[in-house]
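What's in input.txt: compact mmCIF, C-alpha atoms
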# COMPACT_ATOMS: atom_id res chain seq x y z
CA MET A 1 -83.59 -29.71 155.66
CA LYS A 2 -81.58 -29.27 158.84
CA GLN A 3 -80.62 -25.63 159.43
CA ARG A 4 -77.16 -24.66 160.59
CA ALA A 5 -77.11 -22.95 163.95
CA VAL A 6 -76.24 -19.27 163.72
CA GLY A 7 -74.58 -17.72 166.73
CA PRO A 8 -74.01 -14.04 167.50
CA GLY A 9 -70.47 -14.12 166.07
CA PHE A 10 -71.41 -15.85 162.81
CA GLN A 11 -70.32 -14.30 159.52
CA PRO A 12 -71.60 -15.51 156.14
CA SER A 13 -68.92 -17.27 154.09
CA SER A 14 -69.26 -14.63 151.38
CA THR A 15 -68.31 -11.91 153.87
CA LEU A 16 -65.24 -13.85 154.97
CA ALA A 17 -64.21 -14.53 151.38
CA ILE A 18 -64.53 -10.87 150.40
CA SER A 19 -62.57 -9.77 153.45
CA SER A 20 -59.84 -12.28 152.63
CA ALA A 21 -59.70 -11.17 149.00
CA LEU A 22 -59.37 -7.52 150.00
CA ARG A 23 -56.48 -8.34 152.36
CA THR A 24 -54.76 -10.30 149.60
CA LEU A 25 -55.16 -7.49 147.09
CA ALA A 26 -53.91 -4.91 149.56
CA THR A 27 -50.87 -7.01 150.45
CA GLU A 28 -49.95 -7.65 146.83
CA ARG A 29 -50.57 -4.00 145.94
CA ALA A 30 -48.06 -3.06 148.64
CA GLY A 31 -45.54 -5.40 147.01
CA ILE A 32 -46.02 -3.72 143.63
CA ALA A 33 -45.72 -0.30 145.27
CA ALA A 34 -42.40 -1.38 146.78
CA MET A 35 -41.24 -2.45 143.33
CA GLU A 36 -42.32 0.86 141.84
CA ALA A 37 -40.26 2.71 144.43
CA ALA A 38 -37.29 0.44 143.72
CA VAL A 39 -37.45 1.06 139.95
CA ALA A 40 -37.58 4.82 140.56
CA ALA A 41 -34.24 4.65 142.40
CA THR A 42 -31.55 5.11 139.72
CA GLY A 43 -28.32 5.42 141.67
CA PRO A 44 -25.31 3.35 140.47
CA GLN A 45 -26.23 0.43 142.76
CA ASP A 46 -30.00 0.90 142.71
CA PHE A 47 -32.66 -1.30 141.12
CA GLY A 48 -33.59 1.21 138.41
CA HIS A 49 -29.98 1.45 137.21
CA VAL A 50 -29.65 -2.35 137.07
CA PHE A 51 -33.02 -2.64 135.29
CA ALA A 52 -31.87 -0.22 132.58
CA ALA A 53 -28.61 -2.18 132.20
CA VAL A 54 -30.58 -5.43 131.82
CA VAL A 55 -32.76 -3.87 129.10
CA ASP A 56 -29.67 -2.64 127.24
CA LEU A 57 -28.07 -6.08 127.46
CA LEU A 58 -31.16 -7.96 126.27
CA ARG A 59 -31.75 -5.49 123.47
CA GLY A 60 -28.31 -6.15 122.02
CA ILE A 61 -28.03 -9.94 122.14
CA ASP A 62 -27.92 -12.13 119.04
CA GLY A 63 -29.45 -15.17 120.73
CA ARG A 64 -32.41 -15.79 123.00
CA VAL A 65 -33.39 -15.02 126.56
CA ILE A 66 -33.35 -18.37 128.37
CA VAL A 67 -35.74 -18.03 131.30
CA THR A 68 -35.51 -20.56 134.10
CA GLY A 69 -36.93 -21.09 137.57
CA MET A 70 -38.27 -23.81 139.84
CA GLY A 71 -41.72 -24.20 141.37
CA LYS A 72 -43.90 -21.10 141.32
CA SER A 73 -40.98 -19.03 139.99
CA GLY A 74 -40.84 -21.49 137.10
CA HIS A 75 -44.53 -20.99 136.31
CA ILE A 76 -44.01 -17.23 136.27
CA GLY A 77 -40.88 -17.74 134.19
CA ARG A 78 -42.87 -19.58 131.52
CA LYS A 79 -45.27 -16.66 131.26
CA ILE A 80 -42.40 -14.15 131.07
CA ALA A 81 -40.74 -16.15 128.28
CA ALA A 82 -44.04 -16.26 126.38
CA THR A 83 -44.58 -12.51 126.79
CA LEU A 84 -41.04 -11.72 125.64
CA ALA A 85 -41.37 -13.99 122.61
CA SER A 86 -44.71 -12.48 121.59
CA THR A 87 -43.36 -8.94 121.77
CA GLY A 88 -40.26 -9.35 119.64
CA THR A 89 -37.65 -10.67 122.08
CA ALA A 90 -36.71 -14.26 121.26
CA ALA A 91 -37.14 -16.22 124.49
CA TYR A 92 -37.43 -19.79 125.68
CA PHE A 93 -38.13 -21.44 129.04
CA VAL A 94 -35.79 -24.19 130.20
CA HIS A 95 -36.84 -26.21 133.24
CA PRO A 96 -33.88 -26.40 135.64
CA ALA A 97 -34.46 -30.06 136.53
CA GLU A 98 -34.62 -31.07 132.85
CA ALA A 99 -31.56 -28.91 132.16
CA SER A 100 -29.52 -31.27 134.33
CA HIS A 101 -30.60 -34.18 132.13
CA GLY A 102 -29.69 -32.86 128.70
CA ASP A 103 -31.65 -29.66 128.18
CA LEU A 104 -28.54 -27.60 128.89
CA GLY A 105 -27.86 -28.28 125.22
CA MET A 106 -30.67 -25.84 124.42
CA ILE A 107 -28.55 -22.99 125.77
CA ARG A 108 -25.94 -21.73 123.34
CA SER A 109 -23.45 -18.96 122.79
CA GLY A 110 -25.20 -15.64 122.21
CA ASP A 111 -28.01 -16.44 124.65
CA VAL A 112 -28.60 -14.85 128.03
CA VAL A 113 -29.91 -16.77 131.05
CA LEU A 114 -32.58 -15.09 133.19
CA ALA A 115 -32.81 -17.15 136.38
CA MET A 116 -35.60 -16.59 138.89
CA SER A 117 -35.57 -17.61 142.55
CA TRP A 118 -37.07 -15.62 145.41
CA SER A 119 -34.56 -17.04 147.91
CA GLY A 120 -31.72 -17.30 145.41
CA GLU A 121 -30.82 -20.68 146.92
CA THR A 122 -32.82 -22.98 144.65
CA VAL A 123 -30.69 -26.13 144.43
CA GLU A 124 -32.05 -27.13 141.01
CA LEU A 125 -30.54 -23.99 139.44
CA ALA A 126 -26.97 -25.02 140.30
CA ASP A 127 -26.22 -26.80 137.02
CA ILE A 128 -27.56 -23.95 134.87
CA ILE A 129 -25.52 -21.43 136.88
CA THR A 130 -22.38 -23.55 136.47
CA TYR A 131 -23.04 -24.03 132.75
CA ALA A 132 -23.56 -20.30 132.20
CA LYS A 133 -20.33 -19.42 133.99
CA ARG A 134 -18.34 -22.15 132.20
CA PHE A 135 -19.39 -21.03 128.72
CA ARG A 136 -19.42 -17.30 129.50
CA ILE A 137 -23.14 -16.94 128.94
CA PRO A 138 -24.43 -13.81 130.70
CA LEU A 139 -26.43 -14.67 133.80
CA LEU A 140 -29.19 -12.39 135.04
CA ALA A 141 -30.79 -13.02 138.42
CA VAL A 142 -34.22 -12.12 139.75
CA THR A 143 -34.15 -12.68 143.49
CA SER A 144 -34.86 -10.98 146.80
CA ASN A 145 -31.43 -11.93 148.16
CA PRO A 146 -28.40 -10.52 146.32
CA ASP A 147 -26.06 -12.35 148.70
CA SER A 148 -27.52 -15.75 147.77
CA ALA A 149 -25.75 -18.31 145.58
CA LEU A 150 -27.66 -17.03 142.54
CA GLY A 151 -27.21 -13.36 143.39
CA ARG A 152 -23.45 -13.68 143.89
CA GLU A 153 -22.87 -15.49 140.58
CA ALA A 154 -25.10 -13.24 138.46
CA ASP A 155 -23.59 -10.69 136.09
CA LEU A 156 -26.57 -8.45 136.86
CA CYS A 157 -28.91 -8.98 139.80
CA LEU A 158 -32.41 -7.54 139.88
CA THR A 159 -32.97 -7.53 143.63
CA LEU A 160 -36.68 -7.50 144.40
CA PRO A 161 -37.66 -5.65 147.59
CA ARG A 162 -38.72 -7.80 150.50
CA ALA A 163 -42.48 -7.96 150.79
CA GLU A 164 -45.06 -9.75 152.92
CA GLU A 165 -46.73 -12.76 151.29
CA ALA A 166 -50.52 -12.59 151.12
CA CYS A 167 -50.67 -16.13 152.48
CA PRO A 168 -51.51 -15.77 156.22
CA ASN A 169 -48.85 -18.39 156.99
CA GLY A 170 -46.26 -16.48 155.00
CA LEU A 171 -45.50 -19.64 153.04
CA ALA A 172 -47.40 -19.84 149.74
CA PRO A 173 -45.73 -17.66 147.07
CA THR A 174 -48.30 -14.93 146.38
CA THR A 175 -46.96 -11.39 146.62
CA SER A 176 -43.51 -12.60 145.57
CA THR A 177 -44.79 -14.22 142.37
CA THR A 178 -46.91 -11.17 141.59
CA MET A 179 -43.79 -9.02 141.83
CA GLN A 180 -41.88 -11.40 139.54
CA LEU A 181 -44.71 -11.31 137.02
CA VAL A 182 -44.89 -7.50 137.05
CA LEU A 183 -41.12 -7.29 136.60
CA GLY A 184 -41.35 -9.59 133.58
CA ASP A 185 -44.03 -7.40 132.03
CA ALA A 186 -41.93 -4.30 132.69
CA LEU A 187 -38.96 -5.89 130.94
CA ALA A 188 -41.04 -6.98 127.94
CA VAL A 189 -42.66 -3.58 127.49
CA ALA A 190 -39.36 -1.71 127.91
CA LEU A 191 -37.78 -3.95 125.27
CA LEU A 192 -40.62 -3.63 122.76
CA GLU A 193 -40.55 0.15 123.15
CA ALA A 194 -36.78 0.22 122.76
CA ARG A 195 -37.09 -1.78 119.54
CA GLY A 196 -40.00 0.25 118.17
CA PHE A 197 -42.12 -2.91 118.10
CA SER A 198 -45.35 -1.95 116.29
CA ALA A 199 -48.85 -3.34 115.88
CA THR A 200 -47.72 -4.62 112.48
CA ASP A 201 -44.91 -6.59 114.15
CA PHE A 202 -47.34 -7.83 116.81
CA LYS A 203 -49.67 -9.20 114.12
CA VAL A 204 -46.85 -11.39 112.79
CA TYR A 205 -46.74 -13.27 116.12
CA HIS A 206 -50.53 -13.26 116.69
CA PRO A 207 -52.17 -14.31 113.41
CA GLY A 208 -54.92 -16.40 115.01
CA GLY A 209 -57.90 -15.95 117.29
CA LYS A 210 -59.73 -12.82 118.35
CA LEU A 211 -56.50 -10.89 118.82
CA GLY A 212 -55.36 -11.80 115.31
CA ALA A 213 -58.66 -10.58 113.91
CA ARG A 214 -58.35 -7.25 115.68
CA LEU A 215 -54.88 -6.81 114.20
CA THR A 216 -56.03 -7.50 110.64
CA PHE A 217 -55.48 -4.69 108.16
CA VAL A 218 -58.07 -3.22 105.81
CA ARG A 219 -56.10 -4.43 102.80
CA ASP A 220 -56.45 -8.02 104.08
CA VAL A 221 -60.26 -8.03 103.94
CA MET A 222 -61.26 -5.40 101.35
CA HIS A 223 -62.83 -6.28 97.99
CA GLN A 224 -60.67 -5.33 95.03
CA GLY A 225 -60.56 -5.07 91.24
CA ASP A 226 -63.82 -5.62 89.40
CA GLU A 227 -65.68 -5.88 92.71
CA ILE A 228 -65.32 -2.12 93.28
CA PRO A 229 -68.45 -0.27 92.05
CA CYS A 230 -67.27 2.82 90.14
CA VAL A 231 -68.56 5.12 87.39
CA SER A 232 -67.26 8.33 85.84
CA THR A 233 -68.58 11.76 86.74
CA GLN A 234 -70.42 12.00 83.41
CA ALA A 235 -71.97 8.54 83.57
CA ALA A 236 -75.74 8.53 83.12
CA MET A 237 -77.68 7.70 86.25
CA SER A 238 -79.06 4.61 84.56
CA GLU A 239 -75.47 3.33 84.28
CA ALA A 240 -74.74 4.28 87.91
CA ILE A 241 -77.82 2.42 89.17
CA VAL A 242 -76.93 -0.68 87.17
CA GLU A 243 -73.37 -0.59 88.58
CA MET A 244 -74.67 -0.09 92.12
CA SER A 245 -77.18 -2.92 91.82
CA GLY A 246 -74.74 -5.32 90.21
CA LYS A 247 -72.00 -4.92 92.84
CA ARG A 248 -74.46 -5.13 95.78
CA PHE A 249 -72.69 -2.75 98.14
CA GLY A 250 -75.48 -0.18 98.11
CA CYS A 251 -73.21 2.52 96.71
CA VAL A 252 -71.06 3.46 93.74
CA GLY A 253 -67.87 5.50 93.73
CA VAL A 254 -67.57 8.37 91.26
CA ILE A 255 -64.16 9.01 89.64
CA ASP A 256 -62.83 11.84 87.51
CA THR A 257 -60.92 11.53 84.23
CA ALA A 258 -57.69 10.91 86.17
CA GLY A 259 -59.26 7.96 88.01
CA LEU A 260 -59.39 9.78 91.35
CA LEU A 261 -62.34 9.43 93.71
CA VAL A 262 -64.38 12.64 93.78
CA GLY A 263 -67.72 11.43 95.09
CA ILE A 264 -70.04 8.61 96.06
CA ILE A 265 -73.67 7.79 95.35
CA THR A 266 -75.52 5.83 98.00
CA ASP A 267 -79.06 4.53 98.37
CA GLY A 268 -79.71 7.62 100.47
CA ASP A 269 -78.61 9.90 97.62
CA LEU A 270 -81.02 8.12 95.25
CA ARG A 271 -83.91 8.57 97.67
CA ARG A 272 -83.16 12.25 98.12
CA HIS A 273 -83.07 12.87 94.36
CA MET A 274 -85.89 10.55 93.40
CA GLY A 275 -88.10 12.30 90.83
CA PRO A 276 -88.96 12.53 87.13
CA THR A 277 -85.60 14.11 86.24
CA LEU A 278 -83.35 11.56 88.00
CA MET A 279 -82.72 9.41 84.92
CA HIS A 280 -81.82 12.49 82.88
CA GLN A 281 -78.99 13.45 85.20
CA VAL A 282 -75.36 12.30 85.43
CA ALA A 283 -73.42 10.93 88.40
CA ALA A 284 -71.78 14.28 89.18
CA ASP A 285 -75.23 15.84 89.70
CA ILE A 286 -76.29 13.30 92.32
CA MET A 287 -73.08 12.30 94.11
CA THR A 288 -72.05 13.28 97.61
CA ARG A 289 -68.71 15.04 97.28
CA THR A 290 -65.62 14.33 99.43
CA PRO A 291 -66.69 10.82 100.50
CA THR A 292 -65.30 9.26 103.65
CA THR A 293 -62.50 6.82 102.79
CA ILE A 294 -59.99 4.70 104.66
CA ASP A 295 -56.35 3.82 104.01
CA PRO A 296 -55.56 0.17 103.12
CA ASP A 297 -52.90 0.11 105.84
CA ALA A 298 -55.37 1.03 108.58
CA LEU A 299 -56.33 -1.67 111.08
CA ALA A 300 -59.68 -3.34 110.55
CA VAL A 301 -60.75 -2.15 114.00
CA GLU A 302 -60.15 1.42 112.84
CA ALA A 303 -62.49 0.77 109.91
CA LEU A 304 -65.13 -0.52 112.32
CA ALA A 305 -64.75 2.59 114.49
CA LEU A 306 -65.12 4.84 111.44
CA LEU A 307 -68.21 2.98 110.22
CA THR A 308 -69.73 3.23 113.68
CA GLU A 309 -68.92 6.92 114.01
CA THR A 310 -70.34 7.83 110.58
CA ARG A 311 -73.24 5.36 110.81
CA ARG A 312 -72.32 3.78 107.50
CA SER A 313 -72.08 0.16 106.40
CA VAL A 314 -69.57 0.61 103.55
CA LEU A 315 -66.22 2.37 103.13
CA ILE A 316 -64.29 2.94 99.94
CA VAL A 317 -60.59 2.18 100.39
CA ALA A 318 -58.39 4.76 98.69
CA ASP A 319 -54.64 5.27 98.39
CA HIS A 320 -52.86 8.51 99.27
CA ASP A 321 -53.77 9.98 95.88
CA LYS A 322 -57.46 9.26 96.51
CA ARG A 323 -57.50 6.52 93.91
CA PRO A 324 -60.08 3.85 94.85
CA ILE A 325 -58.36 0.50 95.34
CA GLY A 326 -60.96 -1.42 97.35
CA ILE A 327 -64.27 -1.41 99.16
CA LEU A 328 -65.09 -2.71 102.62
CA HIS A 329 -68.48 -3.71 104.02
CA LEU A 330 -69.39 -3.95 107.69
CA HIS A 331 -70.22 -7.63 107.18
CA ASP A 332 -66.61 -8.26 106.08
CA LEU A 333 -65.49 -7.16 109.54
CA TYR A 334 -68.11 -9.28 111.28
CA GLY A 335 -66.93 -12.21 109.18
CA ILE A 336 -63.42 -12.14 110.66
CA GLY A 337 -64.66 -11.81 114.22
CA ILE A 338 -64.60 -8.05 114.73
CA GLY A 339 -67.65 -6.31 116.06
Write the structure described by the file as C-alpha cells, please.
Amino acid sequence: MKQRAVGPGFQPSSTLAISSALRTLATERAGIAAMEAAVAATGPQDFGHVFAAVVDLLRGIDGRVIVTGMGKSGHIGRKIAATLASTGTAAYFVHPAEASHGDLGMIRSGDVVLAMSWSGETVELADIITYAKRFRIPLLAVTSNPDSALGREADLCLTLPRAEEACPNGLAPTTSTTMQLVLGDALAVALLEARGFSATDFKVYHPGGKLGARLTFVRDVMHQGDEIPCVSTQAAMSEAIVEMSGKRFGCVGVIDTAGLLVGIITDGDLRRHMGPTLMHQVAADIMTRTPTTIDPDALAVEALALLTETRRSVLIVADHDKRPIGILHLHDLYGIGIG
C-alpha cells in the first residue's frame, strides 16, 4: 500500500480534529457565559428583567406558546416547543413559510407567539408578525438585534448578546443557535418551577420508553391482594412456611391483630433459627422486627435504590399506618426496564 508522505509540519488528522473541537467548545462556552452575564443584569431595561417578564406572561396565558423561526433558528424552535410541551407549558411550532399558506389559522386568541431570528430581519416571519399585531396576540422576540423589524414589533424582546460564531468563516450558525437553545431551556425550567411541575406531572407526558419506566410508581408494579404473603404473629411456623412457599417471594409479612405490619420472616431468618424447636414456635418468635418498607407513592427507582442499599430482593409496600398493601420484587423492576 502506498504510504502518504509525512513532512516536518504534518499533524495527524485526529490532532487537528481535537484542536478544532476544543476551539468550538471554547467559543460556544463564551457565548453561554455572555448570556449568563446578561440574565444576571436585572435593571428595568436589562435582559434579566425582560426574561422575568416573559416568564410571568407565559405562566398566565390561557392558550399555547407558538414558537416560530426559519432555518437553524427554526430547528432550535422545534426543540424549544417540544421541551415546553413536555414540562407543562402547552406549546406548538409553526413554520413561518407554511404559516403564509394557511397555518396562520393554527394561531388563535389566547396564544403567545415566540419568534426567533438572530438577525431579526428574517423575511419569512413578516406574515406571522403582521398576523400577531392585527389580532393582538402577544409577540415575543428572541434576537440579537432589538432595532430589527422583529425587535421593534415585539411586545417583549429578549436581546441575545452578540457572540462570535464557532464557524471559522463566521457564517454557519453555531454559537448563536447554542445560545438560543440554552435560552429555551432556561425558559422551560423557570416555567416548570413557577408552576410547581412535579415528577408526577412529568410522568403524564412521558409514559413510554426508558424515561417512562423510571417515572413509574411503586403502586403501578406492586403485587396486591391475595398475592401478599402474610400471617399473624401467633401463626405456627408450619403455617408461615406454607404461606412463604406458596407465594414464592421468599418472605412472609407478620401482622398484629389490628392488621398492621410488625415483622417479616425471610429465608435468612429460617436458616438462622433452623433446629428441632423451629416447628414448635410461632411467627412472632422468628420474625425480624421493624421490617424495611416502602410507600406506594414512591418512584420505582427509589425502590430499586432501597433494595440495592439494603441488599434485599423484596420489599413490602405499606401505607402510612404500616398496613401492608403490596409486595415488590426486584424482578418486577427489571421487567419494566429499570436496573
Discussion item. To one decimal place in Å, what is the distance between atom CA of Ala236 of chain A and atom CA of Met274 of chain A?
Written reply: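 One can read the atom CA of Ala236 of chain A to atom CA of Met274 of chain A distance as 14.6 Å.
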Worksheet entry | Nearby residues (all atoms listed in the file) at most 8 Å from His329 of chain A, same-chain spacing under 6 positions excluded, as a list in words |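 The contact residues come out as Met222, Phe249, Ser313, Val314 and Leu315 of chain A.
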Fill in: Protein and nucleic acid residues near (-26.9, -10.3, 132.4) (cut-off 8 Å, only C-alpha atoms) as a PyMOL selection string
chain A and resi 54+57-58+112-114+138-141+154-157
Output C-alpha atoms for every residue in the selection just made, as a PDB file, in the coordinates of the input.
ATOM      1  CA  VAL A  54     -30.580  -5.430 131.820  1.00  0.00           C
ATOM      2  CA  LEU A  57     -28.070  -6.080 127.460  1.00  0.00           C
ATOM      3  CA  LEU A  58     -31.160  -7.960 126.270  1.00  0.00           C
ATOM      4  CA  VAL A 112     -28.600 -14.850 128.030  1.00  0.00           C
ATOM      5  CA  VAL A 113     -29.910 -16.770 131.050  1.00  0.00           C
ATOM      6  CA  LEU A 114     -32.580 -15.090 133.190  1.00  0.00           C
ATOM      7  CA  PRO A 138     -24.430 -13.810 130.700  1.00  0.00           C
ATOM      8  CA  LEU A 139     -26.430 -14.670 133.800  1.00  0.00           C
ATOM      9  CA  LEU A 140     -29.190 -12.390 135.040  1.00  0.00           C
ATOM     10  CA  ALA A 141     -30.790 -13.020 138.420  1.00  0.00           C
ATOM     11  CA  ALA A 154     -25.100 -13.240 138.460  1.00  0.00           C
ATOM     12  CA  ASP A 155     -23.590 -10.690 136.090  1.00  0.00           C
ATOM     13  CA  LEU A 156     -26.570  -8.450 136.860  1.00  0.00           C
ATOM     14  CA  CYS A 157     -28.910  -8.980 139.800  1.00  0.00           C
TER      15      CYS A 157
END
Response to the item:
Closest of A:Ile129, A:Leu171, A:Ala240, A:Ala166 to Leu270 of chain A, counting only C-alpha atoms, is A:Ala240
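From atom CA of Gly31 of chain A back to atom CA of Thr175 of chain A, the distance works out to 6.2 Å.
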Fill in: Computed interatomic separation between atom CA of Cys167 of chain A and atom CA of Ala115 of chain A (Å)
24.1 Å
With N, CA, C and O atoms as the target, complete segment 235-259 of chain A and hand it back as a PDB file, in the coordinates of the input.
ATOM      1  N   ALA A 235     -71.144   9.738  83.840  1.00  0.00           N
ATOM      2  CA  ALA A 235     -71.970   8.540  83.570  1.00  0.00           C
ATOM      3  C   ALA A 235     -73.429   8.854  83.830  1.00  0.00           C
ATOM      4  O   ALA A 235     -73.783   9.547  84.788  1.00  0.00           O
ATOM      5  N   ALA A 236     -74.296   8.356  82.936  1.00  0.00           N
ATOM      6  CA  ALA A 236     -75.740   8.530  83.120  1.00  0.00           C
ATOM      7  C   ALA A 236     -76.173   7.802  84.396  1.00  0.00           C
ATOM      8  O   ALA A 236     -75.579   6.787  84.787  1.00  0.00           O
ATOM      9  N   MET A 237     -77.218   8.316  85.024  1.00  0.00           N
ATOM     10  CA  MET A 237     -77.680   7.700  86.250  1.00  0.00           C
ATOM     11  C   MET A 237     -78.175   6.282  86.028  1.00  0.00           C
ATOM     12  O   MET A 237     -78.104   5.450  86.932  1.00  0.00           O
ATOM     13  N   SER A 238     -78.653   5.991  84.853  1.00  0.00           N
ATOM     14  CA  SER A 238     -79.060   4.610  84.560  1.00  0.00           C
ATOM     15  C   SER A 238     -77.854   3.680  84.666  1.00  0.00           C
ATOM     16  O   SER A 238     -77.956   2.566  85.207  1.00  0.00           O
ATOM     17  N   GLU A 239     -76.706   4.132  84.180  1.00  0.00           N
ATOM     18  CA  GLU A 239     -75.470   3.330  84.280  1.00  0.00           C
ATOM     19  C   GLU A 239     -75.035   3.210  85.738  1.00  0.00           C
ATOM     20  O   GLU A 239     -74.608   2.131  86.181  1.00  0.00           O
ATOM     21  N   ALA A 240     -75.141   4.310  86.498  1.00  0.00           N
ATOM     22  CA  ALA A 240     -74.740   4.280  87.910  1.00  0.00           C
ATOM     23  C   ALA A 240     -75.596   3.314  88.701  1.00  0.00           C
ATOM     24  O   ALA A 240     -75.087   2.573  89.563  1.00  0.00           O
ATOM     25  N   ILE A 241     -76.908   3.315  88.436  1.00  0.00           N
ATOM     26  CA  ILE A 241     -77.820   2.420  89.170  1.00  0.00           C
ATOM     27  C   ILE A 241     -77.547   0.965  88.831  1.00  0.00           C
ATOM     28  O   ILE A 241     -77.563   0.090  89.711  1.00  0.00           O
ATOM     29  N   VAL A 242     -77.265   0.684  87.577  1.00  0.00           N
ATOM     30  CA  VAL A 242     -76.930  -0.680  87.170  1.00  0.00           C
ATOM     31  C   VAL A 242     -75.643  -1.143  87.876  1.00  0.00           C
ATOM     32  O   VAL A 242     -75.551  -2.267  88.387  1.00  0.00           O
ATOM     33  N   GLU A 243     -74.638  -0.263  87.913  1.00  0.00           N
ATOM     34  CA  GLU A 243     -73.370  -0.590  88.580  1.00  0.00           C
ATOM     35  C   GLU A 243     -73.591  -0.819  90.079  1.00  0.00           C
ATOM     36  O   GLU A 243     -73.058  -1.765  90.665  1.00  0.00           O
ATOM     37  N   MET A 244     -74.389   0.037  90.692  1.00  0.00           N
ATOM     38  CA  MET A 244     -74.670  -0.090  92.120  1.00  0.00           C
ATOM     39  C   MET A 244     -75.408  -1.388  92.421  1.00  0.00           C
ATOM     40  O   MET A 244     -75.076  -2.103  93.376  1.00  0.00           O
ATOM     41  N   SER A 245     -76.385  -1.713  91.603  1.00  0.00           N
ATOM     42  CA  SER A 245     -77.180  -2.920  91.820  1.00  0.00           C
ATOM     43  C   SER A 245     -76.369  -4.177  91.575  1.00  0.00           C
ATOM     44  O   SER A 245     -76.487  -5.171  92.297  1.00  0.00           O
ATOM     45  N   GLY A 246     -75.512  -4.135  90.559  1.00  0.00           N
ATOM     46  CA  GLY A 246     -74.740  -5.320  90.210  1.00  0.00           C
ATOM     47  C   GLY A 246     -73.679  -5.674  91.228  1.00  0.00           C
ATOM     48  O   GLY A 246     -73.383  -6.856  91.444  1.00  0.00           O
ATOM     49  N   LYS A 247     -73.084  -4.662  91.874  1.00  0.00           N
ATOM     50  CA  LYS A 247     -72.000  -4.920  92.840  1.00  0.00           C
ATOM     51  C   LYS A 247     -72.528  -5.155  94.255  1.00  0.00           C
ATOM     52  O   LYS A 247     -71.791  -5.603  95.123  1.00  0.00           O
ATOM     53  N   ARG A 248     -73.768  -4.789  94.530  1.00  0.00           N
ATOM     54  CA  ARG A 248     -74.460  -5.130  95.780  1.00  0.00           C
ATOM     55  C   ARG A 248     -73.830  -4.565  97.046  1.00  0.00           C
ATOM     56  O   ARG A 248     -73.906  -5.172  98.115  1.00  0.00           O
ATOM     57  N   PHE A 249     -73.207  -3.410  96.943  1.00  0.00           N
ATOM     58  CA  PHE A 249     -72.690  -2.750  98.140  1.00  0.00           C
ATOM     59  C   PHE A 249     -73.574  -1.583  98.567  1.00  0.00           C
ATOM     60  O   PHE A 249     -73.302  -0.947  99.576  1.00  0.00           O
ATOM     61  N   GLY A 250     -74.583  -1.280  97.763  1.00  0.00           N
ATOM     62  CA  GLY A 250     -75.480  -0.180  98.110  1.00  0.00           C
ATOM     63  C   GLY A 250     -74.884   1.179  97.844  1.00  0.00           C
ATOM     64  O   GLY A 250     -75.370   2.179  98.390  1.00  0.00           O
ATOM     65  N   CYS A 251     -73.826   1.244  97.037  1.00  0.00           N
ATOM     66  CA  CYS A 251     -73.210   2.520  96.710  1.00  0.00           C
ATOM     67  C   CYS A 251     -72.394   2.363  95.433  1.00  0.00           C
ATOM     68  O   CYS A 251     -72.139   1.243  94.979  1.00  0.00           O
ATOM     69  N   VAL A 252     -71.959   3.482  94.895  1.00  0.00           N
ATOM     70  CA  VAL A 252     -71.060   3.460  93.740  1.00  0.00           C
ATOM     71  C   VAL A 252     -70.137   4.660  93.858  1.00  0.00           C
ATOM     72  O   VAL A 252     -70.565   5.780  94.163  1.00  0.00           O
ATOM     73  N   GLY A 253     -68.838   4.420  93.701  1.00  0.00           N
ATOM     74  CA  GLY A 253     -67.870   5.500  93.730  1.00  0.00           C
ATOM     75  C   GLY A 253     -67.877   6.247  92.406  1.00  0.00           C
ATOM     76  O   GLY A 253     -68.115   5.651  91.347  1.00  0.00           O
ATOM     77  N   VAL A 254     -67.609   7.541  92.466  1.00  0.00           N
ATOM     78  CA  VAL A 254     -67.570   8.370  91.260  1.00  0.00           C
ATOM     79  C   VAL A 254     -66.149   8.879  91.086  1.00  0.00           C
ATOM     80  O   VAL A 254     -65.577   9.477  92.006  1.00  0.00           O
ATOM     81  N   ILE A 255     -65.558   8.645  89.891  1.00  0.00           N
ATOM     82  CA  ILE A 255     -64.160   9.010  89.640  1.00  0.00           C
ATOM     83  C   ILE A 255     -64.082  10.025  88.506  1.00  0.00           C
ATOM     84  O   ILE A 255     -64.933  10.042  87.609  1.00  0.00           O
ATOM     85  N   ASP A 256     -63.029  10.858  88.572  1.00  0.00           N
ATOM     86  CA  ASP A 256     -62.830  11.840  87.510  1.00  0.00           C
ATOM     87  C   ASP A 256     -62.013  11.232  86.374  1.00  0.00           C
ATOM     88  O   ASP A 256     -61.710  10.023  86.386  1.00  0.00           O
ATOM     89  N   THR A 257     -61.632  12.047  85.401  1.00  0.00           N
ATOM     90  CA  THR A 257     -60.920  11.530  84.230  1.00  0.00           C
ATOM     91  C   THR A 257     -59.539  10.989  84.584  1.00  0.00           C
ATOM     92  O   THR A 257     -58.961  10.199  83.836  1.00  0.00           O
ATOM     93  N   ALA A 258     -58.994  11.408  85.732  1.00  0.00           N
ATOM     94  CA  ALA A 258     -57.690  10.910  86.170  1.00  0.00           C
ATOM     95  C   ALA A 258     -57.812   9.637  87.006  1.00  0.00           C
ATOM     96  O   ALA A 258     -56.808   9.073  87.448  1.00  0.00           O
ATOM     97  N   GLY A 259     -59.051   9.171  87.230  1.00  0.00           N
ATOM     98  CA  GLY A 259     -59.260   7.960  88.010  1.00  0.00           C
ATOM     99  C   GLY A 259     -59.264   8.185  89.509  1.00  0.00           C
ATOM    100  O   GLY A 259     -59.170   7.231  90.276  1.00  0.00           O
TER     101      GLY A 259
END
